[in-house]
$ cat work.txt   # compact mmCIF, C-alpha atoms
# COMPACT_ATOMS: atom_id res chain seq x y z
CA MET A 1 25.93 27.84 8.38
CA ARG A 2 24.78 26.91 11.85
CA PHE A 3 21.02 26.34 12.25
CA ALA A 4 19.17 26.26 15.56
CA TYR A 5 16.00 24.50 14.41
CA LEU A 6 12.79 24.52 16.47
CA GLY A 7 10.39 21.92 15.12
CA SER A 8 8.94 18.43 15.35
CA PHE A 9 11.69 15.83 15.52
CA GLU A 10 9.78 12.99 17.13
CA ASN A 11 9.88 10.85 13.97
CA ASP A 12 12.42 10.34 11.20
CA TRP A 13 9.69 11.12 8.69
CA ASP A 14 8.70 14.52 10.07
CA THR A 15 9.31 17.18 7.43
CA GLU A 16 11.66 19.03 9.78
CA ALA A 17 13.75 15.85 10.06
CA TYR A 18 14.03 15.63 6.25
CA ILE A 19 15.11 19.28 6.14
CA ALA A 20 17.65 18.86 8.95
CA ARG A 21 19.25 15.87 7.23
CA ALA A 22 19.40 17.74 3.92
CA LEU A 23 21.13 20.66 5.64
CA GLU A 24 23.65 18.27 7.17
CA ARG A 25 24.29 16.58 3.83
CA ALA A 26 25.16 20.07 2.55
CA LYS A 27 27.71 20.40 5.39
CA HIS A 28 25.68 22.78 7.54
CA THR A 29 25.36 22.20 11.29
CA VAL A 30 21.89 21.68 12.76
CA TYR A 31 20.95 21.88 16.43
CA ARG A 32 17.54 20.21 16.76
CA MET A 33 15.08 21.58 19.31
CA HIS A 34 11.98 19.40 19.69
CA GLU A 35 9.14 21.86 20.32
CA PRO A 36 7.46 20.37 23.42
CA ASP A 37 10.77 20.36 25.31
CA TYR A 38 11.76 24.01 24.81
CA THR A 39 10.90 27.26 26.57
CA ALA A 40 12.14 30.62 25.30
CA ASP A 41 14.74 30.68 28.08
CA ARG A 42 16.02 27.21 27.23
CA ILE A 43 16.32 28.11 23.54
CA ASP A 44 18.27 31.24 24.51
CA ALA A 45 20.55 29.35 26.91
CA GLU A 46 21.40 26.57 24.46
CA CYS A 47 21.89 29.00 21.59
CA ARG A 48 24.40 30.83 23.78
CA ILE A 49 26.50 27.67 23.58
CA PHE A 50 25.66 26.67 20.01
CA GLN A 51 26.13 30.17 18.48
CA PRO A 52 23.70 29.87 15.54
CA ASP A 53 23.77 31.87 12.33
CA VAL A 54 20.07 31.10 11.77
CA PHE A 55 17.12 30.45 14.04
CA LEU A 56 14.69 28.38 11.94
CA PHE A 57 11.22 27.29 12.99
CA ALA A 58 8.22 25.57 11.44
CA LYS A 59 5.11 26.29 13.52
CA GLY A 60 6.94 28.06 16.33
CA ARG A 61 5.31 25.94 19.01
CA VAL A 62 7.38 26.95 22.03
CA LEU A 63 6.63 24.35 24.74
CA GLY A 64 4.59 22.54 22.09
CA GLU A 65 1.85 25.21 22.17
CA TRP A 66 0.60 26.73 18.92
CA GLU A 67 -0.42 30.36 19.49
CA PRO A 68 -1.94 32.54 16.77
CA SER A 69 -0.61 35.55 18.73
CA CYS A 70 2.96 34.12 18.65
CA GLU A 71 3.68 35.59 22.10
CA ARG A 72 6.09 32.88 23.24
CA LEU A 73 7.73 32.86 19.83
CA ARG A 74 8.09 36.65 19.96
CA LEU A 75 9.82 36.41 23.34
CA THR A 76 12.17 33.80 21.90
CA THR A 77 13.17 35.82 18.85
CA ASP A 78 13.57 39.00 20.93
CA LEU A 79 16.02 37.17 23.22
CA LEU A 80 17.99 35.79 20.28
CA ARG A 81 18.17 39.08 18.38
CA ALA A 82 19.33 40.87 21.52
CA ARG A 83 22.08 38.32 22.04
CA PHE A 84 23.16 37.70 18.41
CA ARG A 85 23.27 40.90 16.40
CA LYS A 86 23.68 39.18 13.02
CA ILE A 87 21.36 36.22 13.53
CA ARG A 88 18.84 35.54 10.77
CA VAL A 89 15.36 34.39 11.78
CA ALA A 90 13.40 32.30 9.31
CA CYS A 91 10.25 30.19 9.21
CA TRP A 92 9.53 27.30 6.85
CA VAL A 93 5.89 26.32 7.38
CA PHE A 94 4.03 23.61 5.46
CA ASP A 95 0.34 24.35 6.08
CA LEU A 96 -2.40 26.20 4.24
CA LEU A 97 -2.57 29.61 5.92
CA ALA A 98 -5.34 31.35 3.98
CA LYS A 99 -7.76 33.55 5.92
CA GLU A 100 -10.60 32.03 3.88
CA PHE A 101 -9.62 28.61 5.27
CA ALA A 102 -9.03 29.50 8.92
CA ASP A 103 -8.83 32.90 10.61
CA ASP A 104 -6.42 31.70 13.29
CA ARG A 105 -3.94 30.40 10.70
CA TRP A 106 -4.00 33.75 8.91
CA GLU A 107 -3.44 35.55 12.22
CA TRP A 108 -0.52 33.25 13.03
CA ALA A 109 1.05 33.72 9.59
CA ASN A 110 1.08 37.51 9.88
CA ASN A 111 2.44 37.50 13.43
CA ALA A 112 5.09 34.89 12.66
CA ALA A 113 6.16 36.63 9.46
CA ASN A 114 6.69 39.87 11.40
CA LEU A 115 9.32 38.07 13.50
CA CYS A 116 11.25 36.78 10.47
CA ASP A 117 13.78 38.01 8.01
CA VAL A 118 12.33 35.50 5.55
CA PHE A 119 9.02 33.65 5.85
CA PHE A 120 9.23 30.51 3.71
CA THR A 121 5.87 28.88 3.06
CA THR A 122 4.44 26.13 0.86
CA ASP A 123 1.27 28.23 0.53
CA GLY A 124 1.68 30.27 -2.63
CA TYR A 125 -1.83 31.70 -2.25
CA THR A 126 -1.08 33.36 1.09
CA ALA A 127 2.53 34.23 0.18
CA LYS A 128 1.23 36.85 -2.23
CA GLN A 129 -0.26 38.72 0.75
CA ILE A 130 2.80 38.75 3.06
CA THR A 131 5.67 41.09 2.24
CA ASN A 132 8.60 38.90 3.28
CA ALA A 133 7.07 35.58 2.24
CA VAL A 134 8.89 33.31 -0.21
CA VAL A 135 7.30 30.19 -1.67
CA LEU A 136 9.30 27.08 -0.80
CA ARG A 137 7.43 23.84 -1.15
CA GLN A 138 8.05 20.44 0.38
CA GLY A 139 9.74 17.75 -1.66
CA VAL A 140 10.58 14.12 -2.22
CA PRO A 141 11.57 12.46 1.06
CA ASP A 142 15.12 11.18 1.35
CA ASP A 143 13.78 7.68 2.09
CA VAL A 144 12.25 7.36 -1.38
CA VAL A 145 13.19 4.26 -3.33
CA THR A 146 13.50 5.74 -6.80
CA GLN A 147 15.03 2.78 -8.60
CA VAL A 148 13.21 -0.48 -7.90
CA PRO A 149 14.34 -3.61 -9.79
CA GLY A 150 11.00 -5.08 -10.84
CA ARG A 151 8.03 -3.35 -9.25
CA ALA A 152 6.08 -6.60 -9.25
CA SER A 153 8.68 -8.18 -7.00
CA ILE A 154 7.91 -5.78 -4.13
CA ALA A 155 4.12 -5.66 -4.52
CA ARG A 156 2.18 -7.13 -1.60
CA PRO A 157 -0.96 -9.25 -2.04
CA GLU A 158 -2.86 -7.48 0.76
CA TRP A 159 -2.33 -4.15 -0.99
CA GLN A 160 -3.15 -5.19 -4.55
CA LYS A 161 -6.15 -2.95 -5.15
CA ASP A 162 -7.36 -0.72 -7.96
CA VAL A 163 -7.65 2.56 -6.04
CA LEU A 164 -5.86 3.94 -2.99
CA PHE A 165 -6.46 7.01 -0.86
CA LEU A 166 -3.59 7.68 1.52
CA GLY A 167 -4.33 10.19 4.27
CA TYR A 168 -6.80 11.28 6.94
CA PRO A 169 -10.45 11.73 5.82
CA TYR A 170 -11.09 14.99 7.67
CA ARG A 171 -13.87 17.48 6.92
CA ASP A 172 -15.18 17.11 3.35
CA ARG A 173 -12.71 14.34 2.57
CA GLY A 174 -14.65 11.82 4.66
CA GLU A 175 -17.71 11.99 2.40
CA VAL A 176 -15.63 11.50 -0.75
CA VAL A 177 -13.79 8.54 0.79
CA GLY A 178 -17.21 7.05 1.56
CA ARG A 179 -18.27 7.43 -2.07
CA LEU A 180 -15.00 5.90 -3.30
CA HIS A 181 -15.63 2.91 -1.08
CA ALA A 182 -19.24 2.63 -2.23
CA ILE A 183 -18.25 2.62 -5.90
CA TYR A 184 -15.11 0.47 -5.83
CA GLY A 185 -15.93 -1.75 -2.88
CA ASP A 186 -13.16 -4.20 -2.06
CA ARG A 187 -11.11 -2.78 -4.93
CA PHE A 188 -10.63 0.40 -2.85
CA LEU A 189 -7.97 0.74 -0.16
CA HIS A 190 -7.79 3.53 2.42
CA ILE A 191 -4.71 3.86 4.62
CA SER A 192 -4.60 6.83 6.99
CA ASP A 193 -0.98 6.73 8.09
CA GLY A 194 1.97 4.56 9.09
CA VAL A 195 3.41 3.47 5.72
CA ARG A 196 6.74 5.04 4.78
CA GLY A 197 10.13 4.39 3.21
CA SER A 198 10.53 1.13 1.31
CA GLU A 199 7.06 0.05 2.49
CA LEU A 200 5.54 3.05 0.76
CA SER A 201 7.33 2.11 -2.47
CA ALA A 202 5.88 -1.41 -2.07
CA LEU A 203 2.40 0.09 -1.55
CA MET A 204 2.70 2.19 -4.71
CA ALA A 205 3.84 -0.90 -6.63
CA SER A 206 0.78 -2.80 -5.40
CA VAL A 207 -2.05 -0.39 -6.32
CA LYS A 208 -3.05 0.76 -9.76
CA VAL A 209 -4.14 4.34 -9.04
CA VAL A 210 -3.63 6.70 -6.09
CA VAL A 211 -6.19 9.46 -5.68
CA GLY A 212 -5.69 12.88 -4.09
CA LEU A 213 -8.86 14.62 -2.94
CA ASN A 214 -10.12 18.07 -3.90
CA TYR A 215 -10.03 19.58 -0.37
CA PRO A 216 -8.75 22.03 0.65
CA ARG A 217 -8.28 23.73 -2.70
CA PHE A 218 -6.62 27.12 -3.16
CA ALA A 219 -4.65 28.46 -6.11
CA HIS A 220 -0.89 28.01 -5.72
CA TYR A 221 -1.22 25.71 -2.72
CA TRP A 222 -0.70 21.96 -2.71
CA SER A 223 0.61 19.59 -0.09
CA ASN A 224 3.59 17.25 -0.26
CA ARG A 225 1.33 14.42 -1.47
CA ILE A 226 2.26 14.82 -5.13
CA TYR A 227 5.97 14.52 -4.28
CA VAL A 228 5.46 11.54 -1.97
CA VAL A 229 3.14 9.59 -4.29
CA THR A 230 5.01 10.17 -7.55
CA GLY A 231 8.43 9.93 -5.91
CA HIS A 232 7.58 6.49 -4.58
CA GLY A 233 6.28 5.40 -8.00
CA GLY A 234 2.52 5.87 -7.74
CA CYS A 235 0.21 6.79 -10.60
CA PHE A 236 -1.54 9.87 -9.20
CA VAL A 237 -5.01 11.28 -9.93
CA ALA A 238 -5.03 14.71 -8.32
CA PRO A 239 -6.84 18.07 -8.36
CA LEU A 240 -5.65 20.57 -10.95
CA VAL A 241 -4.27 23.53 -9.00
CA GLU A 242 -3.24 26.85 -10.52
CA GLY A 243 0.54 27.10 -10.30
CA MET A 244 1.46 23.45 -10.67
CA ARG A 245 2.73 24.04 -14.20
CA ASP A 246 5.25 26.50 -12.74
CA GLU A 247 7.03 23.41 -11.39
CA GLY A 248 6.57 21.60 -14.68
CA TRP A 249 3.75 19.31 -13.54
CA VAL A 250 1.64 18.46 -16.61
CA SER A 251 -1.66 16.62 -16.39
CA GLY A 252 -1.69 13.56 -18.62
CA LEU A 253 2.09 13.38 -18.53
CA HIS A 254 3.19 13.28 -14.86
CA PHE A 255 -0.21 12.79 -13.21
CA LEU A 256 -3.87 12.94 -14.26
CA GLY A 257 -5.64 16.09 -13.11
CA TYR A 258 -9.31 16.79 -12.43
CA ARG A 259 -11.43 19.84 -11.55
CA ASN A 260 -14.45 18.28 -9.81
CA GLU A 261 -15.62 14.98 -8.34
CA GLU A 262 -17.10 13.79 -11.62
CA GLY A 263 -13.73 14.41 -13.28
CA MET A 264 -11.99 12.51 -10.49
CA PHE A 265 -14.06 9.38 -11.10
CA LYS A 266 -13.66 9.70 -14.88
CA GLY A 267 -9.88 9.98 -14.46
CA ILE A 268 -9.68 6.98 -12.14
CA ASN A 269 -11.77 4.81 -14.46
CA HIS A 270 -9.82 5.93 -17.51
CA LEU A 271 -6.53 4.87 -15.98
CA LEU A 272 -7.95 1.60 -14.68
CA ASN A 273 -8.99 0.79 -18.25
CA HIS A 274 -5.71 1.87 -19.89
CA GLY A 275 -2.79 0.06 -18.27
CA ALA A 276 -0.13 1.23 -20.73
CA LYS A 277 -1.03 4.90 -20.22
CA ARG A 278 -1.12 4.35 -16.47
CA GLU A 279 2.43 3.01 -16.56
CA ARG A 280 3.67 5.88 -18.77
CA ILE A 281 2.26 8.47 -16.34
CA ARG A 282 3.67 6.62 -13.33
CA ALA A 283 7.17 6.44 -14.82
CA ALA A 284 7.18 10.05 -16.05
CA GLY A 285 5.84 11.32 -12.74
CA GLN A 286 8.50 9.51 -10.78
CA GLU A 287 11.24 10.87 -13.02
CA HIS A 288 9.90 14.42 -12.73
CA ALA A 289 9.66 14.14 -8.94
CA LYS A 290 13.41 13.60 -8.69
CA ARG A 291 13.87 17.33 -9.38
CA PHE A 292 12.23 18.23 -6.08
CA THR A 293 14.46 16.73 -3.42
CA TYR A 294 14.91 18.31 -0.02
CA ASP A 295 18.56 18.80 -0.97
CA ALA A 296 17.45 21.14 -3.75
CA ARG A 297 14.86 22.86 -1.57
CA VAL A 298 17.38 23.45 1.21
CA GLN A 299 19.94 24.90 -1.19
CA PHE A 300 17.33 27.44 -2.31
CA MET A 301 16.64 28.37 1.32
CA VAL A 302 20.32 28.74 2.17
CA ASP A 303 20.99 30.89 -0.89
CA ARG A 304 18.10 33.18 0.05
CA LEU A 305 19.28 33.48 3.66
CA ARG A 306 22.81 34.32 2.57
CA SER A 307 21.50 37.00 0.25
CA ILE A 308 20.09 39.04 3.14
CA GLY A 309 23.53 39.53 4.67
$ encode --input "work.txt" --output "structure tokens"
Amino acid sequence: MRFAYLGSFENDWDTEAYIARALERAKHTVYRMHEPDYTADRIDAECRIFQPDVFLFAKGRVLGEWEPSCERLRLTTDLLRARFRKIRVACWVFDLLAKEFADDRWEWANNAANLCDVFFTTDGYTAKQITNAVVLRQGVPDDVVTQVPGRASIARPEWQKDVLFLGYPYRDRGEVVGRLHAIYGDRFLHISDGVRGSELSALMASVKVVVGLNYPRFAHYWSNRIYVVTGHGGCFVAPLVEGMRDEGWVSGLHFLGYRNEEGMFKGINHLLNHGAKRERIRAAGQEHAKRFTYDARVQFMVDRLRSIG
């Protein structure tokens, strides 16, 4: 199939870049359109040459502008459907879209879904409320180092800490990160961004426990963090979210789950005091994560798109 893909392609580690490479590994053709550079007319003109079977988008930011009303995106899809009678239009979006979280995200989700044949989303909570939504989560990046000869050999002294939080401390997360720092002091490491690929595997080999925070929390929604952390070999303490068992994630086997902040600290301390259990969870989590590659995710998407004719 031939995919005209509107998304963020600025970095090799953008989710759209992982998806595009997985499509190409499966022998599909991908025409990348980096959102800030494209108007509706430019998309239409270049698709005239490319002749896509599918127009795929993530956030639909025509000219790099995110619009809850989806007006520019609507113009784009109208042009493409008028020109290509059999084109399929699909979205694969990776954000929490719940109305209870943000009204503008919920507005965008409904407007974007109305433009699509299939609306793929990682948000299982919101998918239940949109007729053409299909849950399709993120996965293990293709730059994961899954087989490392001797984890100790790649550990870095500057990263050898007990507890790591990897991510931006926005909204309620900032207060929890502050409490983690207060309790664990110089045994706590916070890295916002910028560590990927083999460096991320080295980071996971250096720290004892990686913690995921309990915000935002909605049933059937979780980010790509569990795939990234476990895939790169981290021992993960993470919120228990309804629906995770549907993918086979079992607390105490592949990660250690918690329901509140007290449970988070108990879980961290338990794993810090039980090295053998920590290693068993780390190894089992990494093995389980191998099921959720972008190659597998993309094959699911392609099969669904083909099924609609």
$ atom_distance --input "work.txt" --atom1 "CA of Glu65 (chain A)" --atom2 "CA of Tyr227 (chain A)"
28.8 Å
$ residues_around --input "work.txt" --residues "region 91-97 of chain A" --least-positions-apart "3" --cutoff "7 Å" --atoms "only C-alpha atoms" --output "list in words"
Leu56, Phe57, Ala58, Lys59, Arg105, Trp106, Ala109, Cys116, Val118, Phe119, Phe120, Thr121, Thr122, Asp123 and Thr126 of chain A
$ closest_atom_pairs --input "work.txt" --of "region 73-153 of chain A" --to "region 205-226 of chain A" --cutoff "6 Å" --atoms "only C-alpha atoms" --output "CSV"
residue,atom,partner,partner_atom,distance
A:Asp123,CA,A:Tyr221,CA,4.8
A:Gly124,CA,A:His220,CA,4.6
A:Tyr125,CA,A:His220,CA,5.2
A:Gln138,CA,A:Asn224,CA,5.5
A:Arg151,CA,A:Ala205,CA,5.5
$ atom_distance --input "work.txt" --atom1 "CA of Thr293 (chain A)" --atom2 "CA of Ala26 (chain A)"
12.7 Å
$ atom_distance --input "work.txt" --atom1 "CA of Leu240 (chain A)" --atom2 "CA of Ala283 (chain A)"
19.5 Å
$ residues_around --input "work.txt" --residues "Pro169 (chain A)" --least-positions-apart "4" --cutoff "12 Å" --atoms "all atoms listed in the file" --output "list in words"
Phe165, Arg173, Gly174, Glu175, Val176, Val177, Gly178, Arg179, Leu180, His190, Ile191, Ser192, Asp193, Gly212, Leu213, Asn214, Tyr215 and Pro216 of chain A
$ closest_residue --input "work.txt" --among "A:Asp162, A:Glu247, A:Glu242, A:Asp295" --to "Arg187 (chain A)" --atoms "only C-alpha atoms"
A:Asp162
$ closest_residue --input "work.txt" --among "A:Gly60, A:Arg72, A:Ala4, A:Trp249" --to "Leu23 (chain A)" --atoms "all atoms listed in the file"
A:Ala4
$ closest_residue --input "work.txt" --among "A:Tyr170, A:Tyr258, A:Phe55, A:Phe236" --to "Ile281 (chain A)" --atoms "only C-alpha atoms"
A:Phe236
$ closest_residue --input "work.txt" --among "A:Asp186, A:Val195, A:Asp142, A:Gln51" --to "Gly167 (chain A)" --atoms "only C-alpha atoms"
A:Val195
$ closest_residue --input "work.txt" --among "A:Glu262, A:Glu35, A:Glu199, A:Asp246" --to "Val144 (chain A)" --atoms "all atoms listed in the file"
A:Glu199
$ closest_residue --input "work.txt" --among "A:Ile183, A:Arg42, A:Trp66, A:Ser198" --to "Ile268 (chain A)" --atoms "only C-alpha atoms"
A:Ile183
